[in-house]
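K.L.:
Structure file start25.tsv, TSV, C-alpha atoms, is pasted below:
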chain	number	residue	atom	x	y	z
A	21	MET	CA	11.58	-16.97	-0.13
A	22	ASP	CA	13.14	-18.55	2.88
A	23	HIS	CA	14.62	-15.78	4.98
A	24	SER	CA	16.35	-16.75	8.16
A	25	ILE	CA	15.68	-13.34	9.65
A	26	ASP	CA	12.84	-13.85	12.06
A	27	SER	CA	13.22	-10.90	14.41
A	28	TYR	CA	9.86	-9.23	14.99
A	29	ASP	CA	11.56	-5.82	14.76
A	30	VAL	CA	12.86	-6.64	11.28
A	31	LYS	CA	9.42	-7.83	10.17
A	32	LEU	CA	7.89	-4.69	11.65
A	33	ALA	CA	10.41	-2.40	9.94
A	34	THR	CA	9.67	-4.14	6.64
A	35	THR	CA	5.94	-3.71	7.16
A	36	CYS	CA	6.40	-0.05	8.04
A	37	LEU	CA	8.53	0.60	4.99
A	38	LEU	CA	6.15	-1.15	2.58
A	39	THR	CA	3.13	0.54	4.14
A	40	LYS	CA	4.80	3.96	4.04
A	41	VAL	CA	5.46	3.58	0.32
A	42	ALA	CA	1.90	2.42	-0.31
A	43	PHE	CA	0.48	5.28	1.76
A	44	ALA	CA	2.75	7.95	0.27
A	45	ASP	CA	-0.21	9.16	-1.81
A	46	GLU	CA	-2.23	9.31	1.45
A	47	TYR	CA	-4.39	6.35	0.43
A	48	LEU	CA	-3.81	2.66	1.09
A	49	ASP	CA	-5.46	0.97	-1.87
A	50	PRO	CA	-6.93	-2.46	-1.00
A	51	GLN	CA	-4.74	-4.00	-3.73
A	52	GLU	CA	-1.65	-2.44	-2.12
A	53	GLU	CA	-2.57	-3.91	1.26
A	54	LYS	CA	-3.19	-7.31	-0.35
A	55	ILE	CA	0.24	-7.21	-2.02
A	56	ILE	CA	1.94	-6.19	1.25
A	57	ARG	CA	0.27	-9.09	3.04
A	58	GLU	CA	1.40	-11.52	0.33
A	59	ILE	CA	4.94	-10.15	0.44
A	60	LEU	CA	5.15	-10.52	4.22
A	61	SER	CA	3.79	-14.04	4.05
A	62	ASP	CA	6.24	-15.07	1.31
A	63	PHE	CA	9.25	-13.08	2.52
A	64	PHE	CA	9.10	-14.23	6.14
A	65	SER	CA	6.95	-17.40	5.92
A	66	ILE	CA	4.48	-16.08	8.49
A	67	ASP	CA	0.77	-16.62	9.00
A	68	THR	CA	-2.20	-14.25	8.78
A	69	GLU	CA	-2.34	-13.74	12.54
A	70	GLU	CA	1.22	-12.41	12.67
A	71	ILE	CA	0.63	-10.29	9.56
A	72	ASN	CA	-2.43	-8.72	11.21
A	73	LYS	CA	-0.35	-7.90	14.29
A	74	LEU	CA	2.39	-6.40	12.11
A	75	PHE	CA	-0.15	-4.18	10.34
A	76	LYS	CA	-1.66	-3.05	13.64
A	77	ASP	CA	1.75	-2.29	15.16
A	78	SER	CA	3.08	-0.62	12.02
A	79	ASN	CA	0.05	1.67	11.81
A	80	GLN	CA	0.66	2.80	15.38
A	81	ILE	CA	4.33	3.44	14.65
A	82	LEU	CA	3.69	5.26	11.37
A	83	GLU	CA	1.15	7.57	13.04
A	84	LYS	CA	3.94	8.82	15.33
A	85	SER	CA	6.86	8.58	12.91
A	86	THR	CA	8.29	11.60	11.16
A	87	ASP	CA	10.72	9.71	8.93
A	88	ILE	CA	11.47	6.22	7.68
A	89	PHE	CA	15.23	6.25	7.98
A	90	SER	CA	15.25	4.07	11.09
A	91	PHE	CA	13.36	1.31	9.25
A	92	GLY	CA	15.91	1.22	6.45
A	93	GLN	CA	18.77	1.38	8.92
A	94	LEU	CA	17.50	-1.70	10.76
A	95	LEU	CA	16.99	-3.60	7.51
A	96	ASN	CA	20.48	-2.65	6.31
A	97	GLN	CA	21.93	-4.14	9.49
A	98	HIS	CA	20.04	-7.44	9.23
A	99	PHE	CA	19.40	-8.16	5.56
A	100	THR	CA	21.83	-9.77	3.18
A	101	LYS	CA	22.49	-8.14	-0.18
A	102	GLU	CA	20.06	-10.61	-1.78
A	103	ASP	CA	17.39	-9.81	0.83
A	104	LYS	CA	17.81	-6.11	0.09
A	105	ILE	CA	17.47	-6.64	-3.65
A	106	ASP	CA	14.36	-8.77	-3.07
A	107	LEU	CA	12.91	-6.06	-0.84
A	108	ILE	CA	13.50	-3.33	-3.41
A	109	GLY	CA	11.58	-5.43	-5.92
A	110	CYS	CA	8.81	-5.82	-3.35
A	111	ILE	CA	8.72	-2.06	-2.75
A	112	PHE	CA	8.12	-1.46	-6.46
A	113	GLU	CA	5.51	-4.23	-6.51
A	114	VAL	CA	3.63	-2.38	-3.77
A	115	ALA	CA	4.01	0.99	-5.47
A	116	PHE	CA	2.58	-0.37	-8.73
A	117	ALA	CA	-0.12	-2.52	-7.07
A	118	ASP	CA	-2.86	-0.01	-7.80
A	119	GLY	CA	-1.85	0.22	-11.46
A	120	GLU	CA	0.13	3.44	-11.23
A	121	LEU	CA	3.23	4.87	-9.64
A	122	HIS	CA	2.02	7.97	-7.84
A	123	TYR	CA	4.63	10.74	-7.84
A	124	LEU	CA	4.77	10.67	-4.01
A	125	GLU	CA	5.38	6.91	-4.02
A	126	ASN	CA	8.12	7.47	-6.58
A	127	HIS	CA	9.59	10.24	-4.45
A	128	THR	CA	9.59	8.02	-1.36
A	129	ILE	CA	11.39	5.27	-3.26
A	130	LYS	CA	13.87	7.32	-5.30
A	131	HIS	CA	14.82	10.09	-2.91
A	132	ALA	CA	15.02	8.21	0.35
A	133	ASP	CA	18.13	6.06	-0.03
A	134	LEU	CA	17.11	3.74	2.75
A	135	ILE	CA	18.44	0.45	1.54
A	136	THR	CA	22.18	0.64	0.90
A	137	VAL	CA	22.17	-1.84	-1.97
A	138	LYS	CA	19.83	0.54	-3.80
A	139	MET	CA	22.84	2.67	-4.61
A	140	GLU	CA	24.41	-0.31	-6.39
A	141	ILE	CA	21.38	-0.84	-8.61
A	142	LYS	CA	20.35	2.80	-8.99
A	143	HIS	CA	21.02	2.76	-12.73
A	144	PHE	CA	18.11	0.31	-13.08
A	145	LEU	CA	15.68	2.75	-11.41
Would you mind writing the file out in structure tokens?

P.N.:
Amino acid sequence: MDHSIDSYDVKLATTCLLTKVAFADEYLDPQEEKIIREILSDFFSIDTEEINKLFKDSNQILEKSTDIFSFGQLLNQHFTKEDKIDLIGCIFEVAFADGELHYLENHTIKHADLITVKMEIKHFL
């Protein structure tokens, strides 16, 4: 995917959101992390060094964060409708990366209407 959005804050918000979904069951499976890294690389066309920095920074933010609304809000402001739809697909890819959709991952996805386009495709969920 060739996304013109190259703001570090947008990349960081995306990393935080994907990591939060993966860690909703309080365990970041190695396969989930691998998928997140692949998504970031493909979605933003970035290298391993930047991905490592995003993971480090997102972990620091998520340790202090009490909600994930601000991440979705930033992405809603900067992503196109197509970007949002792609991201929702990526979120589910992360959630299913370990072979199951944990109920807390499902809750994070379904009950936190973070990405506004999600409301438009909710009947698919």

K.L.:
Kindly indicate which residue among A:Leu38, A:Ile129, A:Lys101, A:Arg57 lies nearest to Glu70 in chain A, using only C-alpha atoms for the distances.

P.N.:
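That would be A:Arg57, the residue with the smallest distance to Glu70 in chain A.
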
K.L.:
Around the point (10.8, 11.8, 3.4) in the file's coordinates, collect all residues with an atom within 12 Å, using only C-alpha atoms, and return them as a ChimeraX atom specification.

P.N.:
/A:37,40-41,44,85-90,124-134

K.L.:
Select, from A:Ser27, A:Phe116, A:Gly92, A:Tyr123, the residue with the minimum atom-to-atom distance to Glu53 in chain A, counting all atoms listed in the file.

P.N.:
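For Glu53 in chain A, the nearest of the given residues is A:Phe116.
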
K.L.:
Can you find the residues with an atom no farther than 12 Å from (13.4, -7.3, 15.6), counting all atoms listed in the file, and report them as a list in words?

P.N.:
Ile25, Asp26, Ser27, Tyr28, Asp29, Val30, Lys31, Leu32, Ala33, Thr34, Thr35, Leu74, Phe91, Leu94, Leu95, Gln97, His98 and Phe99 of chain A

K.L.:
Go through A:Cys36, A:Leu48, A:Ile105, A:Ile55 one by one, measure the shortest atom-to-atom distance of each to Lys76 in chain A using all atoms listed in the file, and give the residue with the smallest value.

P.N.:
A:Cys36

K.L.:
In Å, with one decimal, what is the gap from CA of Glu58 in chain A to CA of Glu102 in chain A?

P.N.:
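Atom-to-atom, CA of Glu58 in chain A and CA of Glu102 in chain A are spaced 18.8 Å apart.
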
K.L.:
How many Å separate CA of Gln51 in chain A from CA of Asp103 in chain A?

P.N.:
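Distance reported for this atom pair: 23.3 Å.
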
K.L.:
I'd like the contact shell of Ala115 in chain A - 9 Å cut-off, all atoms listed in the file, skipping same-chain residues fewer than 2 positions apart - returned as a PDB file with C-alpha atoms, in the coordinates of the input.

P.N.:
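Written output follows (part01.pdb):
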ATOM      1  CA  LEU A  38       6.150  -1.150   2.580  1.00  0.00           C
ATOM      2  CA  VAL A  41       5.460   3.580   0.320  1.00  0.00           C
ATOM      3  CA  ALA A  42       1.900   2.420  -0.310  1.00  0.00           C
ATOM      4  CA  GLU A  52      -1.650  -2.440  -2.120  1.00  0.00           C
ATOM      5  CA  CYS A 110       8.810  -5.820  -3.350  1.00  0.00           C
ATOM      6  CA  ILE A 111       8.720  -2.060  -2.750  1.00  0.00           C
ATOM      7  CA  PHE A 112       8.120  -1.460  -6.460  1.00  0.00           C
ATOM      8  CA  GLU A 113       5.510  -4.230  -6.510  1.00  0.00           C
ATOM      9  CA  ALA A 117      -0.120  -2.520  -7.070  1.00  0.00           C
ATOM     10  CA  ASP A 118      -2.860  -0.010  -7.800  1.00  0.00           C
ATOM     11  CA  GLY A 119      -1.850   0.220 -11.460  1.00  0.00           C
ATOM     12  CA  GLU A 120       0.130   3.440 -11.230  1.00  0.00           C
ATOM     13  CA  LEU A 121       3.230   4.870  -9.640  1.00  0.00           C
ATOM     14  CA  HIS A 122       2.020   7.970  -7.840  1.00  0.00           C
ATOM     15  CA  GLU A 125       5.380   6.910  -4.020  1.00  0.00           C
ATOM     16  CA  ASN A 126       8.120   7.470  -6.580  1.00  0.00           C
ATOM     17  CA  ILE A 129      11.390   5.270  -3.260  1.00  0.00           C
TER      18      ILE A 129
END

K.L.:
So how many Å separate CA of Ile81 in chain A and CA of Phe63 in chain A, to one decimal?

P.N.:
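Between CA of Ile81 in chain A and CA of Phe63 in chain A the gap works out to 21.1 Å.
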
K.L.:
Hey, which of A:Asp62, A:Asn96, A:Asn79, A:Lys84 ends up closest to Thr39 in chain A? Count only C-alpha atoms.

P.N.:
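Answer, going by the shortest atom-to-atom distance: A:Asn79.
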
K.L.:
What would range 58-74 of chain A look like with N, CA and C atoms in place, written as a PDB file, keeping the file's coordinate frame?

P.N.:
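Okay, this is what ended up in rebuild-v2.pdb:
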ATOM      1  N   GLU A  58       0.793 -10.408   1.056  1.00  0.00           N
ATOM      2  CA  GLU A  58       1.400 -11.520   0.330  1.00  0.00           C
ATOM      3  C   GLU A  58       2.919 -11.491   0.437  1.00  0.00           C
ATOM      4  N   ILE A  59       3.491 -10.299   0.328  1.00  0.00           N
ATOM      5  CA  ILE A  59       4.940 -10.150   0.440  1.00  0.00           C
ATOM      6  C   ILE A  59       5.417 -10.609   1.816  1.00  0.00           C
ATOM      7  N   LEU A  60       4.754 -10.138   2.866  1.00  0.00           N
ATOM      8  CA  LEU A  60       5.150 -10.520   4.220  1.00  0.00           C
ATOM      9  C   LEU A  60       5.043 -12.028   4.425  1.00  0.00           C
ATOM     10  N   SER A  61       3.974 -12.600   3.927  1.00  0.00           N
ATOM     11  CA  SER A  61       3.790 -14.040   4.050  1.00  0.00           C
ATOM     12  C   SER A  61       4.893 -14.807   3.331  1.00  0.00           C
ATOM     13  N   ASP A  62       5.203 -14.393   2.108  1.00  0.00           N
ATOM     14  CA  ASP A  62       6.240 -15.070   1.310  1.00  0.00           C
ATOM     15  C   ASP A  62       7.644 -14.784   1.838  1.00  0.00           C
ATOM     16  N   PHE A  63       7.900 -13.515   2.142  1.00  0.00           N
ATOM     17  CA  PHE A  63       9.250 -13.080   2.520  1.00  0.00           C
ATOM     18  C   PHE A  63       9.687 -13.714   3.842  1.00  0.00           C
ATOM     19  N   PHE A  64       8.753 -13.759   4.803  1.00  0.00           N
ATOM     20  CA  PHE A  64       9.100 -14.230   6.140  1.00  0.00           C
ATOM     21  C   PHE A  64       8.464 -15.567   6.514  1.00  0.00           C
ATOM     22  N   SER A  65       7.659 -16.135   5.637  1.00  0.00           N
ATOM     23  CA  SER A  65       6.950 -17.400   5.920  1.00  0.00           C
ATOM     24  C   SER A  65       6.158 -17.309   7.221  1.00  0.00           C
ATOM     25  N   ILE A  66       5.291 -16.301   7.290  1.00  0.00           N
ATOM     26  CA  ILE A  66       4.480 -16.080   8.490  1.00  0.00           C
ATOM     27  C   ILE A  66       3.000 -16.214   8.150  1.00  0.00           C
ATOM     28  N   ASP A  67       2.195 -16.400   9.201  1.00  0.00           N
ATOM     29  CA  ASP A  67       0.770 -16.620   9.000  1.00  0.00           C
ATOM     30  C   ASP A  67      -0.019 -15.311   9.109  1.00  0.00           C
ATOM     31  N   THR A  68      -1.309 -15.412   8.802  1.00  0.00           N
ATOM     32  CA  THR A  68      -2.200 -14.250   8.780  1.00  0.00           C
ATOM     33  C   THR A  68      -2.271 -13.562  10.135  1.00  0.00           C
ATOM     34  N   GLU A  69      -2.269 -14.324  11.201  1.00  0.00           N
ATOM     35  CA  GLU A  69      -2.340 -13.740  12.540  1.00  0.00           C
ATOM     36  C   GLU A  69      -1.153 -12.807  12.806  1.00  0.00           C
ATOM     37  N   GLU A  70       0.043 -13.259  12.463  1.00  0.00           N
ATOM     38  CA  GLU A  70       1.220 -12.410  12.670  1.00  0.00           C
ATOM     39  C   GLU A  70       1.193 -11.204  11.734  1.00  0.00           C
ATOM     40  N   ILE A  71       0.733 -11.405  10.515  1.00  0.00           N
ATOM     41  CA  ILE A  71       0.630 -10.290   9.560  1.00  0.00           C
ATOM     42  C   ILE A  71      -0.340  -9.238  10.086  1.00  0.00           C
ATOM     43  N   ASN A  72      -1.468  -9.673  10.631  1.00  0.00           N
ATOM     44  CA  ASN A  72      -2.430  -8.720  11.210  1.00  0.00           C
ATOM     45  C   ASN A  72      -1.802  -7.919  12.344  1.00  0.00           C
ATOM     46  N   LYS A  73      -1.030  -8.596  13.187  1.00  0.00           N
ATOM     47  CA  LYS A  73      -0.350  -7.900  14.290  1.00  0.00           C
ATOM     48  C   LYS A  73       0.679  -6.910  13.747  1.00  0.00           C
ATOM     49  N   LEU A  74       1.411  -7.312  12.720  1.00  0.00           N
ATOM     50  CA  LEU A  74       2.390  -6.400  12.110  1.00  0.00           C
ATOM     51  C   LEU A  74       1.708  -5.157  11.547  1.00  0.00           C
TER      52      LEU A  74
END
